[in-house]
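To start, the structure under review is shown below, and the notes come after it.
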Amino acid sequence: NPSEAEAAGYASKQCCRAVPEDAAVTMNYEPVTCGANSCLYNNPSEAEAAGYASKQCCRAVPEDAAVTMNYEPVTCGANSCLYDNQSAADAAGYTSDDCCNAVPDGVSVTTDYAPVTCGAKSCLYNNPSEAEAAGYASKQCCRAVPEDAAVTMNYEPVTCGANSC
């Protein structure tokens with residue numbers, strides 16, 4: 001248990017939830033990483049048995065995958081899974097259509113919430129500073145509707161601003 005692990009000198013970030021021995025799990029090999037510690041499981045069934053919800057997991061890059069070593073991070077899929085580059089995302093089963101440029105580690109961005117969508121895939125960023133850090137020019141982005149905005153559901157398309165958003 002976590003208390004015993006701590007007493008043995010392990011920090012919580014060094015530990016992963018174990019799959020209970022009596023858990024009924026599938027035997028297929030579709031590796032996933034889950035949680036803040038990127039705990040590796042053989043498949044989503046094992047991850048679920050260990051207590052993770054599907055939205056807490058990402059497809060893992062197979063250990064034998066040949067991927068490039070460049071650092072150009074992307075986020076992919078509904079869970080915004082982070083990979084070092086598109087080659088790693090491809091190895092995990094995503095295509096470039098499933099992924100958006102991510103803000104590289106160590107790049108300073110503002111923390112205000114003024115969401116924008118950018119590029120042909122309408123990649124969502126928290127603000128223009130994040131979008132720029134991910135490689136988008138302001139003319140490639142449009143203001144996005146904040147998640148908590150109350151809007152009507154009628155269909156009346158409009159374009160706005162210099163970027164024809």
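Ordering of the structure tokens sets the chain letters (A, B, ...), residue numbers begin anew at 1 in every chain, and ligands are numbered from 1 in the order given.
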
For stretch 79-89 of chain A, please output as number ranges by chain all residues within 12 Å (counting only C-alpha atoms; exclusion window: fewer than 2 positions along the same chain). A: 32-36, 38, 53-77, 91-105, 123-125

Deliver the residues from the most recent selection as a file, using C-alpha atoms, as an mmCIF file, in the first residue's frame.
data_model
loop_
_atom_site.group_PDB
_atom_site.id
_atom_site.type_symbol
_atom_site.label_atom_id
_atom_site.label_comp_id
_atom_site.auth_asym_id
_atom_site.auth_seq_id
_atom_site.Cartn_x
_atom_site.Cartn_y
_atom_site.Cartn_z
ATOM 1 C CA VAL A 32 -1.359 2.415 -22.139
ATOM 2 C CA THR A 33 0.166 4.861 -19.693
ATOM 3 C CA CYS A 34 -2.048 6.297 -16.970
ATOM 4 C CA GLY A 35 -2.048 8.980 -14.318
ATOM 5 C CA ALA A 36 0.475 11.630 -13.397
ATOM 6 C CA SER A 38 2.618 7.604 -16.565
ATOM 7 C CA ALA A 53 -10.674 5.718 -15.854
ATOM 8 C CA SER A 54 -10.108 5.695 -19.620
ATOM 9 C CA LYS A 55 -9.805 9.497 -19.631
ATOM 10 C CA GLN A 56 -6.727 9.152 -17.364
ATOM 11 C CA CYS A 57 -4.853 6.980 -19.874
ATOM 12 C CA CYS A 58 -2.995 7.396 -23.154
ATOM 13 C CA ARG A 59 -1.786 4.923 -25.749
ATOM 14 C CA ALA A 60 1.817 4.025 -25.012
ATOM 15 C CA VAL A 61 4.632 4.060 -27.538
ATOM 16 C CA PRO A 62 5.652 0.407 -27.970
ATOM 17 C CA GLU A 63 9.115 -0.298 -26.551
ATOM 18 C CA ASP A 64 10.372 -1.630 -29.885
ATOM 19 C CA ALA A 65 9.065 1.316 -31.918
ATOM 20 C CA ALA A 66 11.583 3.170 -34.069
ATOM 21 C CA VAL A 67 10.860 6.857 -33.503
ATOM 22 C CA THR A 68 12.752 10.051 -34.187
ATOM 23 C CA MET A 69 14.470 11.762 -31.272
ATOM 24 C CA ASN A 70 13.555 15.380 -32.094
ATOM 25 C CA TYR A 71 11.592 17.287 -29.461
ATOM 26 C CA GLU A 72 8.564 18.879 -31.120
ATOM 27 C CA PRO A 73 5.765 17.938 -28.693
ATOM 28 C CA VAL A 74 2.234 17.143 -29.827
ATOM 29 C CA THR A 75 -0.995 16.376 -28.002
ATOM 30 C CA CYS A 76 -3.301 13.764 -29.494
ATOM 31 C CA GLY A 77 -6.768 12.342 -29.071
ATOM 32 C CA ALA A 91 3.917 4.750 -33.114
ATOM 33 C CA ALA A 92 1.211 4.980 -30.433
ATOM 34 C CA GLY A 93 -1.452 4.709 -33.133
ATOM 35 C CA TYR A 94 -2.360 8.328 -33.844
ATOM 36 C CA THR A 95 -2.170 10.168 -37.155
ATOM 37 C CA SER A 96 -1.210 13.788 -37.671
ATOM 38 C CA ASP A 97 -4.942 14.516 -38.097
ATOM 39 C CA ASP A 98 -5.435 13.427 -34.454
ATOM 40 C CA CYS A 99 -2.704 15.688 -33.070
ATOM 41 C CA CYS A 100 -1.935 19.351 -32.379
ATOM 42 C CA ASN A 101 1.364 21.092 -31.649
ATOM 43 C CA ALA A 102 2.000 21.380 -27.923
ATOM 44 C CA VAL A 103 3.836 24.018 -25.932
ATOM 45 C CA PRO A 104 7.421 22.754 -25.469
ATOM 46 C CA ASP A 105 8.709 22.294 -21.920
ATOM 47 C CA CYS A 123 -6.365 23.085 -32.169
ATOM 48 C CA LEU A 124 -7.489 24.567 -28.856
ATOM 49 C CA TYR A 125 -5.164 26.603 -26.620
#

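Of note, atom CA of A:Ala150 and atom CA of A:Ser164 are spaced 22.5 Å apart.
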
Show me, as a PDB file with N, CA, C and O atoms, in the first residue's frame, the residues that have an atom within 12 Å of A:Gly161 when counting only C-alpha atoms, minus same-chain residues fewer than 5 positions from it.
ATOM      1  N   SER A 138      -0.681  34.692 -35.005  1.00  0.00           N
ATOM      2  CA  SER A 138      -2.005  35.182 -34.588  1.00  0.00           C
ATOM      3  C   SER A 138      -3.020  35.111 -35.720  1.00  0.00           C
ATOM      4  O   SER A 138      -4.200  34.855 -35.490  1.00  0.00           O
ATOM      5  N   LYS A 139      -2.569  35.288 -36.966  1.00  0.00           N
ATOM      6  CA  LYS A 139      -3.508  35.245 -38.089  1.00  0.00           C
ATOM      7  C   LYS A 139      -4.018  33.829 -38.379  1.00  0.00           C
ATOM      8  O   LYS A 139      -4.943  33.653 -39.153  1.00  0.00           O
ATOM      9  N   CYS A 141      -5.232  31.976 -35.916  1.00  0.00           N
ATOM     10  CA  CYS A 141      -6.061  31.636 -34.761  1.00  0.00           C
ATOM     11  C   CYS A 141      -7.325  32.490 -34.696  1.00  0.00           C
ATOM     12  O   CYS A 141      -7.362  33.614 -35.179  1.00  0.00           O
ATOM     13  N   CYS A 142      -8.321  31.931 -34.047  1.00  0.00           N
ATOM     14  CA  CYS A 142      -9.584  32.616 -33.800  1.00  0.00           C
ATOM     15  C   CYS A 142      -9.945  32.476 -32.330  1.00  0.00           C
ATOM     16  O   CYS A 142      -9.620  31.471 -31.698  1.00  0.00           O
ATOM     17  N   ARG A 143     -10.611  33.472 -31.797  1.00  0.00           N
ATOM     18  CA  ARG A 143     -11.098  33.351 -30.423  1.00  0.00           C
ATOM     19  C   ARG A 143     -12.060  32.173 -30.347  1.00  0.00           C
ATOM     20  O   ARG A 143     -12.862  31.947 -31.243  1.00  0.00           O
TER      21      ARG A 143
END

Shell of 6 Å around stretch 22-31 of chain A, only C-alpha atoms, local chain residues under 5 positions omitted, as a list in words: Tyr41, Asn42, Asn43, Ser45, Glu46 and Ala60 of chain A

Write down as a PyMOL selection string the residues belonging to stretch 33-79 of chain A that are assigned strand (DSSP E) by DSSP computed on the backbone. chain A and resi 33-34+39-41+57-59+74-76

Any chance you could export the current selection's N, CA and C atoms as a PDB file, in the first residue's frame?
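Done, and the output landed in part-v3.pdb:
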ATOM      1  N   THR A  33      -0.417   4.233 -20.873  1.00  0.00           N
ATOM      2  CA  THR A  33       0.166   4.861 -19.693  1.00  0.00           C
ATOM      3  C   THR A  33      -0.937   5.661 -19.025  1.00  0.00           C
ATOM      4  N   CYS A  34      -0.948   5.664 -17.694  1.00  0.00           N
ATOM      5  CA  CYS A  34      -2.048   6.297 -16.970  1.00  0.00           C
ATOM      6  C   CYS A  34      -1.546   7.130 -15.796  1.00  0.00           C
ATOM      7  N   CYS A  39       2.030   5.549 -15.460  1.00  0.00           N
ATOM      8  CA  CYS A  39       2.131   4.129 -15.130  1.00  0.00           C
ATOM      9  C   CYS A  39       1.775   3.294 -16.358  1.00  0.00           C
ATOM     10  N   LEU A  40       2.589   2.289 -16.657  1.00  0.00           N
ATOM     11  CA  LEU A  40       2.416   1.470 -17.853  1.00  0.00           C
ATOM     12  C   LEU A  40       1.627   0.204 -17.540  1.00  0.00           C
ATOM     13  N   TYR A  41       0.599  -0.048 -18.359  1.00  0.00           N
ATOM     14  CA  TYR A  41      -0.215  -1.261 -18.253  1.00  0.00           C
ATOM     15  C   TYR A  41      -0.284  -1.907 -19.631  1.00  0.00           C
ATOM     16  N   CYS A  57      -5.860   7.808 -19.208  1.00  0.00           N
ATOM     17  CA  CYS A  57      -4.853   6.980 -19.874  1.00  0.00           C
ATOM     18  C   CYS A  57      -4.606   7.420 -21.317  1.00  0.00           C
ATOM     19  N   CYS A  58      -3.411   7.108 -21.788  1.00  0.00           N
ATOM     20  CA  CYS A  58      -2.995   7.396 -23.154  1.00  0.00           C
ATOM     21  C   CYS A  58      -2.364   6.151 -23.751  1.00  0.00           C
ATOM     22  N   ARG A  59      -2.460   6.027 -25.070  1.00  0.00           N
ATOM     23  CA  ARG A  59      -1.786   4.923 -25.749  1.00  0.00           C
ATOM     24  C   ARG A  59      -0.279   5.080 -25.543  1.00  0.00           C
ATOM     25  N   VAL A  74       3.605  17.106 -29.309  1.00  0.00           N
ATOM     26  CA  VAL A  74       2.234  17.143 -29.827  1.00  0.00           C
ATOM     27  C   VAL A  74       1.298  16.551 -28.784  1.00  0.00           C
ATOM     28  N   THR A  75       0.050  16.992 -28.812  1.00  0.00           N
ATOM     29  CA  THR A  75      -0.995  16.376 -28.002  1.00  0.00           C
ATOM     30  C   THR A  75      -1.971  15.717 -28.959  1.00  0.00           C
ATOM     31  N   CYS A  76      -2.462  14.545 -28.582  1.00  0.00           N
ATOM     32  CA  CYS A  76      -3.301  13.764 -29.494  1.00  0.00           C
ATOM     33  C   CYS A  76      -4.516  13.179 -28.785  1.00  0.00           C
TER      34      CYS A  76
END

Determine, counting only C-alpha atoms, which protein, DNA and RNA residues have an atom within 8 Å of an atom of A:Gln140; residues of the same chain fewer than 3 positions away are not included. Present the result as a list of chain:residue names.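 Listed by chain and then number, they are A:Cys118, A:Gly119, A:Tyr136, A:Ala137, A:Asn163.
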
Keeping all heavy atoms, export the residues of the selection given above as a PDB file, in the first residue's frame.
ATOM      1  N   CYS A 118      -6.711  27.218 -33.440  1.00  0.00           N
ATOM      2  CA  CYS A 118      -5.733  27.572 -34.467  1.00  0.00           C
ATOM      3  C   CYS A 118      -5.597  26.464 -35.508  1.00  0.00           C
ATOM      4  O   CYS A 118      -5.726  25.287 -35.205  1.00  0.00           O
ATOM      5  CB  CYS A 118      -4.369  27.802 -33.840  1.00  0.00           C
ATOM      6  SG  CYS A 118      -4.352  29.050 -32.550  1.00  0.00           S
ATOM      7  N   GLY A 119      -5.284  26.903 -36.720  1.00  0.00           N
ATOM      8  CA  GLY A 119      -4.980  25.973 -37.800  1.00  0.00           C
ATOM      9  C   GLY A 119      -6.195  25.264 -38.350  1.00  0.00           C
ATOM     10  O   GLY A 119      -7.319  25.421 -37.867  1.00  0.00           O
ATOM     11  N   TYR A 136       1.947  28.758 -33.778  1.00  0.00           N
ATOM     12  CA  TYR A 136       0.937  29.421 -34.600  1.00  0.00           C
ATOM     13  C   TYR A 136       1.101  30.934 -34.586  1.00  0.00           C
ATOM     14  O   TYR A 136       1.389  31.524 -33.548  1.00  0.00           O
ATOM     15  CB  TYR A 136      -0.479  29.072 -34.123  1.00  0.00           C
ATOM     16  CG  TYR A 136      -0.856  27.647 -34.423  1.00  0.00           C
ATOM     17  CD1 TYR A 136      -0.770  26.669 -33.452  1.00  0.00           C
ATOM     18  CD2 TYR A 136      -1.279  27.279 -35.686  1.00  0.00           C
ATOM     19  CE1 TYR A 136      -1.101  25.351 -33.723  1.00  0.00           C
ATOM     20  CE2 TYR A 136      -1.608  25.969 -35.977  1.00  0.00           C
ATOM     21  CZ  TYR A 136      -1.517  25.011 -34.999  1.00  0.00           C
ATOM     22  OH  TYR A 136      -1.840  23.712 -35.281  1.00  0.00           O
ATOM     23  N   ALA A 137       0.901  31.553 -35.741  1.00  0.00           N
ATOM     24  CA  ALA A 137       0.875  33.018 -35.838  1.00  0.00           C
ATOM     25  C   ALA A 137      -0.537  33.470 -35.492  1.00  0.00           C
ATOM     26  O   ALA A 137      -1.506  32.714 -35.666  1.00  0.00           O
ATOM     27  CB  ALA A 137       1.231  33.459 -37.249  1.00  0.00           C
ATOM     28  N   ASN A 163      -9.490  37.705 -39.313  1.00  0.00           N
ATOM     29  CA  ASN A 163      -9.157  36.353 -39.736  1.00  0.00           C
ATOM     30  C   ASN A 163     -10.353  35.588 -40.262  1.00  0.00           C
ATOM     31  O   ASN A 163     -10.264  34.387 -40.543  1.00  0.00           O
ATOM     32  CB  ASN A 163      -8.536  35.579 -38.573  1.00  0.00           C
ATOM     33  CG  ASN A 163      -7.230  36.153 -38.123  1.00  0.00           C
ATOM     34  OD1 ASN A 163      -6.652  37.010 -38.789  1.00  0.00           O
ATOM     35  ND2 ASN A 163      -6.756  35.704 -36.971  1.00  0.00           N
TER      36      ASN A 163
END

One decimal, in Å: what's the spacing between atom CA of A:Ala133 and atom CA of A:Ala120?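 According to the coordinates, atom CA of A:Ala133 and atom CA of A:Ala120 are separated by 17.3 Å.
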
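Minimum distance to A:Ala149 across A:Pro115, A:Cys165, A:Ala47, A:Glu132 (counting only C-alpha atoms) occurs at A:Pro115.
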
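Ranking A:Gln14, A:Ala50, A:Gly106, A:Glu21 by their shortest atom-to-atom distance to A:Asn37, with only C-alpha atoms included, puts A:Gln14 first.
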
Could you please determine the separation between atom CA of A:Pro128 and atom CA of A:Val116 in Å, to one decimal place? 6.4 Å

Stretch 70-102 of chain A: residues DSSP assigns to alpha helix (DSSP H), reported as a PyMOL selection string: chain A and resi 86-91
